[in-house]
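Here the structure is laid out as structure tokens; the discussion comes afterwards.
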Amino acid sequence: MRLELTGKGLDITPGLRQLVNKRLERVTRLLGRSLVSAQCVLSKQKYLHRVDLTVHAAGDNVFHGVGEGRHFPVAMAAAVEKVMQQAH
């Protein structure tokens with residue numbers, strides 16, 4: 001799987017990269033070999049952290065989830081959960 005990680009208004013630290021990889025393992029287990037790529041955009045506005053996650057799967061399937069929260073782990077979990085619901 002190819003991962004494109006982008007930060008709007010912030011730097012991508014190794015900790016954030018590790019968080020994204022860890023959360024995407026659930027999507028990888030669900031979709032398996034049909035998973036092609038994932039694009040993740042992390043942004044921060046004052047007290048709101050936002051994660052835009054787009055996952056491309058085989059057969060022109062595209063799943064998109066947006067998560068918001070006070071911390072990145074919360075926002076990432078919400079985005080991954082929305083993608084998982086679409087993939088089921």
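In the structure tokens, the first chain shown is A, the next is B, and so on; residue numbers restart at 1 for each chain, and ligands run from 1 in the order shown.
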
Could you list, as number ranges by chain, every residue within 12 Å of Glu68 (chain A), counting only C-alpha atoms and ignoring same-chain residues fewer than 5 positions away? A: 41-45, 47-53, 73-80, 82

Can I get the selected residues back with C-alpha atoms, as a PDB file, in the first residue's frame?
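Below is the file part34.pdb, written as the result:
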```pdb
ATOM      1  CA  VAL A  41      -4.292  15.111   5.235  1.00  0.00           C
ATOM      2  CA  LEU A  42      -3.714  16.334   8.793  1.00  0.00           C
ATOM      3  CA  SER A  43      -4.636  19.889   9.695  1.00  0.00           C
ATOM      4  CA  LYS A  44      -4.898  21.921  12.863  1.00  0.00           C
ATOM      5  CA  GLN A  45      -6.946  25.029  13.581  1.00  0.00           C
ATOM      6  CA  TYR A  47      -8.094  23.681  19.226  1.00  0.00           C
ATOM      7  CA  LEU A  48      -9.530  21.507  16.445  1.00  0.00           C
ATOM      8  CA  HIS A  49      -7.535  18.711  14.829  1.00  0.00           C
ATOM      9  CA  ARG A  50      -8.873  17.373  11.527  1.00  0.00           C
ATOM     10  CA  VAL A  51      -8.005  14.237   9.551  1.00  0.00           C
ATOM     11  CA  ASP A  52      -9.153  13.740   5.944  1.00  0.00           C
ATOM     12  CA  LEU A  53      -8.591  10.118   4.928  1.00  0.00           C
ATOM     13  CA  PRO A  73      -5.581  10.166  17.878  1.00  0.00           C
ATOM     14  CA  VAL A  74      -9.283  10.937  18.385  1.00  0.00           C
ATOM     15  CA  ALA A  75      -9.648  12.515  14.947  1.00  0.00           C
ATOM     16  CA  MET A  76      -7.744   9.679  13.250  1.00  0.00           C
ATOM     17  CA  ALA A  77      -9.876   7.027  14.961  1.00  0.00           C
ATOM     18  CA  ALA A  78     -13.066   8.755  13.785  1.00  0.00           C
ATOM     19  CA  ALA A  79     -11.834   8.981  10.181  1.00  0.00           C
ATOM     20  CA  VAL A  80     -10.747   5.336  10.123  1.00  0.00           C
ATOM     21  CA  LYS A  82     -15.973   6.041   8.823  1.00  0.00           C
TER      22      LYS A  82
END
```

Write out as an NGL selection string all residues of chain A that DSSP puts in alpha helix (DSSP H) for this structure's backbone. :A and (14-31 or 72-87)

Saved selection, atoms kept: N, CA and C atoms, as a compact mmCIF listing (two decimals), in the first residue's frame:
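Contents of the output file again19.txt:
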```txt
# COMPACT_ATOMS: atom_id res chain seq x y z
N PRO A 14 7.64 12.04 13.34
CA PRO A 14 7.63 10.58 13.33
C PRO A 14 6.50 9.98 14.17
N GLY A 15 6.12 10.65 15.24
CA GLY A 15 5.02 10.18 16.08
C GLY A 15 3.69 10.21 15.34
N LEU A 16 3.43 11.28 14.57
CA LEU A 16 2.20 11.36 13.79
C LEU A 16 2.20 10.30 12.69
N ARG A 17 3.34 10.11 12.05
CA ARG A 17 3.45 9.09 11.00
C ARG A 17 3.18 7.70 11.57
N GLN A 18 3.70 7.43 12.76
CA GLN A 18 3.49 6.15 13.41
C GLN A 18 2.01 5.96 13.78
N LEU A 19 1.37 7.02 14.25
CA LEU A 19 -0.06 6.97 14.59
C LEU A 19 -0.90 6.63 13.36
N VAL A 20 -0.62 7.28 12.24
CA VAL A 20 -1.38 7.03 11.02
C VAL A 20 -1.17 5.59 10.56
N ASN A 21 0.07 5.11 10.56
CA ASN A 21 0.35 3.73 10.15
C ASN A 21 -0.36 2.72 11.04
N LYS A 22 -0.37 2.99 12.34
CA LYS A 22 -1.00 2.08 13.29
C LYS A 22 -2.51 2.01 13.06
N ARG A 23 -3.14 3.16 12.86
CA ARG A 23 -4.59 3.19 12.66
C ARG A 23 -4.99 2.59 11.31
N LEU A 24 -4.14 2.74 10.31
CA LEU A 24 -4.45 2.20 8.98
C LEU A 24 -4.29 0.68 8.91
N GLU A 25 -3.68 0.08 9.92
CA GLU A 25 -3.55 -1.38 9.94
C GLU A 25 -4.93 -2.04 9.96
N ARG A 26 -5.91 -1.42 10.62
CA ARG A 26 -7.27 -1.98 10.66
C ARG A 26 -7.87 -2.02 9.26
N VAL A 27 -7.67 -0.94 8.50
CA VAL A 27 -8.20 -0.87 7.14
C VAL A 27 -7.48 -1.90 6.26
N THR A 28 -6.18 -2.04 6.48
CA THR A 28 -5.39 -3.00 5.71
C THR A 28 -5.87 -4.43 5.96
N ARG A 29 -6.17 -4.75 7.21
CA ARG A 29 -6.66 -6.09 7.53
C ARG A 29 -8.02 -6.35 6.87
N LEU A 30 -8.87 -5.32 6.83
CA LEU A 30 -10.21 -5.49 6.26
C LEU A 30 -10.16 -5.64 4.74
N LEU A 31 -9.42 -4.78 4.07
CA LEU A 31 -9.43 -4.78 2.61
C LEU A 31 -8.40 -5.73 2.00
N PHE A 72 -5.13 14.49 17.76
CA PHE A 72 -5.02 13.71 16.53
C PHE A 72 -5.44 12.25 16.68
N PRO A 73 -5.12 11.56 17.78
CA PRO A 73 -5.58 10.17 17.88
C PRO A 73 -7.11 10.03 17.82
N VAL A 74 -7.82 10.96 18.41
CA VAL A 74 -9.28 10.94 18.39
C VAL A 74 -9.80 11.19 16.97
N ALA A 75 -9.23 12.19 16.31
CA ALA A 75 -9.65 12.52 14.95
C ALA A 75 -9.32 11.39 13.97
N MET A 76 -8.15 10.77 14.13
CA MET A 76 -7.74 9.68 13.25
C MET A 76 -8.65 8.46 13.44
N ALA A 77 -8.99 8.16 14.68
CA ALA A 77 -9.88 7.03 14.96
C ALA A 77 -11.25 7.24 14.33
N ALA A 78 -11.76 8.46 14.38
CA ALA A 78 -13.07 8.76 13.79
C ALA A 78 -13.02 8.61 12.27
N ALA A 79 -11.96 9.09 11.63
CA ALA A 79 -11.83 8.98 10.18
C ALA A 79 -11.71 7.53 9.75
N VAL A 80 -10.92 6.74 10.47
CA VAL A 80 -10.75 5.34 10.12
C VAL A 80 -12.06 4.57 10.32
N GLU A 81 -12.81 4.90 11.36
CA GLU A 81 -14.08 4.24 11.60
C GLU A 81 -15.06 4.50 10.46
N LYS A 82 -15.08 5.72 9.94
CA LYS A 82 -15.97 6.04 8.82
C LYS A 82 -15.57 5.27 7.56
N VAL A 83 -14.28 5.16 7.33
CA VAL A 83 -13.80 4.39 6.17
C VAL A 83 -14.15 2.92 6.34
N MET A 84 -14.00 2.39 7.54
CA MET A 84 -14.32 0.99 7.80
C MET A 84 -15.82 0.72 7.56
N GLN A 85 -16.68 1.62 7.98
CA GLN A 85 -18.12 1.45 7.76
C GLN A 85 -18.44 1.41 6.27
N GLN A 86 -17.79 2.26 5.49
CA GLN A 86 -18.02 2.27 4.05
C GLN A 86 -17.50 1.01 3.40
N ALA A 87 -16.39 0.48 3.89
CA ALA A 87 -15.79 -0.70 3.29
C ALA A 87 -16.60 -1.96 3.58
```

Strand (DSSP E or B) residues, from DSSP on the backbone, in chain A, as a short mmCIF file (atom, residue, chain, number, x, y, z; two decimals) with N, CA, C and O atoms, in the first residue's frame:
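Printed below is out20.cif as written:
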```cif
data_model
loop_
_atom_site.label_atom_id
_atom_site.label_comp_id
_atom_site.auth_asym_id
_atom_site.auth_seq_id
_atom_site.Cartn_x
_atom_site.Cartn_y
_atom_site.Cartn_z
N ARG A 2 0.49 2.20 -0.80
CA ARG A 2 1.21 3.46 -0.86
C ARG A 2 0.47 4.47 0.03
O ARG A 2 -0.75 4.58 -0.04
N LEU A 3 1.20 5.18 0.86
CA LEU A 3 0.61 6.16 1.78
C LEU A 3 1.16 7.54 1.45
O LEU A 3 2.38 7.73 1.39
N GLU A 4 0.25 8.48 1.25
CA GLU A 4 0.63 9.87 1.03
C GLU A 4 0.14 10.66 2.23
O GLU A 4 -1.06 10.78 2.47
N LEU A 5 1.06 11.19 3.00
CA LEU A 5 0.75 11.90 4.24
C LEU A 5 1.09 13.37 4.07
O LEU A 5 2.22 13.71 3.73
N THR A 6 0.11 14.24 4.32
CA THR A 6 0.28 15.67 4.13
C THR A 6 -0.15 16.40 5.40
O THR A 6 -1.14 16.03 6.02
N GLY A 7 0.59 17.44 5.75
CA GLY A 7 0.24 18.27 6.89
C GLY A 7 -0.04 19.69 6.44
O GLY A 7 0.77 20.29 5.75
N LYS A 8 -1.20 20.21 6.78
CA LYS A 8 -1.54 21.60 6.46
C LYS A 8 -1.36 22.44 7.71
O LYS A 8 -2.07 22.28 8.69
N LEU A 35 -6.45 -3.26 -1.33
CA LEU A 35 -6.06 -1.91 -0.94
C LEU A 35 -4.92 -1.43 -1.82
O LEU A 35 -3.89 -2.10 -1.93
N VAL A 36 -5.10 -0.29 -2.49
CA VAL A 36 -4.09 0.23 -3.41
C VAL A 36 -3.28 1.35 -2.76
O VAL A 36 -2.05 1.28 -2.71
N SER A 37 -3.98 2.39 -2.28
CA SER A 37 -3.27 3.53 -1.71
C SER A 37 -4.16 4.25 -0.70
O SER A 37 -5.37 4.05 -0.66
N ALA A 38 -3.52 5.10 0.08
CA ALA A 38 -4.25 5.92 1.05
C ALA A 38 -3.64 7.32 1.07
O ALA A 38 -2.42 7.47 0.96
N GLN A 39 -4.49 8.31 1.17
CA GLN A 39 -4.07 9.69 1.28
C GLN A 39 -4.62 10.24 2.58
O GLN A 39 -5.83 10.14 2.83
N CYS A 40 -3.76 10.83 3.38
CA CYS A 40 -4.17 11.34 4.68
C CYS A 40 -3.69 12.79 4.80
O CYS A 40 -2.50 13.07 4.64
N VAL A 41 -4.62 13.69 5.06
CA VAL A 41 -4.29 15.11 5.23
C VAL A 41 -4.60 15.48 6.67
O VAL A 41 -5.74 15.37 7.13
N LEU A 42 -3.57 15.92 7.40
CA LEU A 42 -3.71 16.33 8.79
C LEU A 42 -3.68 17.85 8.85
O LEU A 42 -2.80 18.48 8.26
N SER A 43 -4.63 18.43 9.55
CA SER A 43 -4.64 19.89 9.69
C SER A 43 -5.03 20.25 11.12
O SER A 43 -5.68 19.48 11.82
N LYS A 44 -4.63 21.45 11.51
CA LYS A 44 -4.90 21.92 12.86
C LYS A 44 -5.35 23.38 12.79
O LYS A 44 -4.72 24.19 12.13
N GLN A 45 -6.44 23.67 13.48
CA GLN A 45 -6.95 25.03 13.58
C GLN A 45 -7.24 25.31 15.04
O GLN A 45 -8.17 24.73 15.60
N LEU A 48 -8.88 22.57 17.21
CA LEU A 48 -9.53 21.51 16.44
C LEU A 48 -8.52 20.82 15.53
O LEU A 48 -7.86 21.46 14.72
N HIS A 49 -8.40 19.52 15.69
CA HIS A 49 -7.54 18.71 14.83
C HIS A 49 -8.44 17.98 13.85
O HIS A 49 -9.46 17.43 14.23
N ARG A 50 -8.04 17.96 12.57
CA ARG A 50 -8.87 17.37 11.53
C ARG A 50 -8.05 16.40 10.70
O ARG A 50 -6.91 16.69 10.35
N VAL A 51 -8.65 15.26 10.38
CA VAL A 51 -8.01 14.24 9.55
C VAL A 51 -8.93 13.93 8.38
O VAL A 51 -10.09 13.56 8.59
N ASP A 52 -8.43 14.12 7.16
CA ASP A 52 -9.15 13.74 5.94
C ASP A 52 -8.46 12.51 5.39
O ASP A 52 -7.30 12.57 4.99
N LEU A 53 -9.16 11.39 5.35
CA LEU A 53 -8.59 10.12 4.93
C LEU A 53 -9.33 9.61 3.70
O LEU A 53 -10.56 9.48 3.71
N THR A 54 -8.58 9.35 2.63
CA THR A 54 -9.12 8.79 1.40
C THR A 54 -8.38 7.51 1.10
O THR A 54 -7.15 7.50 1.03
N VAL A 55 -9.13 6.43 0.92
CA VAL A 55 -8.54 5.12 0.66
C VAL A 55 -9.01 4.63 -0.71
O VAL A 55 -10.21 4.65 -1.00
N HIS A 56 -8.06 4.23 -1.55
CA HIS A 56 -8.36 3.70 -2.87
C HIS A 56 -8.19 2.19 -2.84
O HIS A 56 -7.14 1.69 -2.42
N ALA A 57 -9.21 1.47 -3.30
CA ALA A 57 -9.17 0.01 -3.36
C ALA A 57 -9.34 -0.43 -4.81
O ALA A 57 -9.73 0.36 -5.68
N ASN A 61 -12.84 1.57 -6.33
CA ASN A 61 -13.56 1.87 -5.09
C ASN A 61 -12.78 2.91 -4.31
O ASN A 61 -11.57 2.75 -4.09
N VAL A 62 -13.45 3.96 -3.89
CA VAL A 62 -12.84 5.03 -3.11
C VAL A 62 -13.67 5.23 -1.84
O VAL A 62 -14.88 5.40 -1.91
N PHE A 63 -13.00 5.20 -0.70
CA PHE A 63 -13.65 5.41 0.59
C PHE A 63 -13.06 6.67 1.21
O PHE A 63 -11.84 6.85 1.20
N HIS A 64 -13.91 7.53 1.75
CA HIS A 64 -13.45 8.79 2.32
C HIS A 64 -14.06 9.00 3.70
O HIS A 64 -15.26 8.78 3.89
N GLY A 65 -13.21 9.40 4.64
CA GLY A 65 -13.68 9.68 5.99
C GLY A 65 -13.01 10.92 6.55
O GLY A 65 -11.83 11.16 6.29
N VAL A 66 -13.77 11.71 7.29
CA VAL A 66 -13.26 12.91 7.93
C VAL A 66 -13.48 12.77 9.43
O VAL A 66 -14.58 12.42 9.87
N GLY A 67 -12.44 13.03 10.20
CA GLY A 67 -12.55 12.98 11.64
C GLY A 67 -12.05 14.27 12.26
O GLY A 67 -11.07 14.84 11.79
N GLU A 68 -12.74 14.72 13.29
CA GLU A 68 -12.33 15.93 14.00
C GLU A 68 -12.34 15.66 15.49
O GLU A 68 -13.15 14.87 15.98
N GLY A 69 -11.43 16.32 16.18
CA GLY A 69 -11.37 16.17 17.62
C GLY A 69 -10.34 17.10 18.22
O GLY A 69 -9.66 17.84 17.52
#
```

Tell me which of A:His88, A:His71, A:Ala58, A:Met1 sits closest to Ser34 (chain A), counting only C-alpha atoms.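 So, comparing all the options, the nearest one is A:Ala58.
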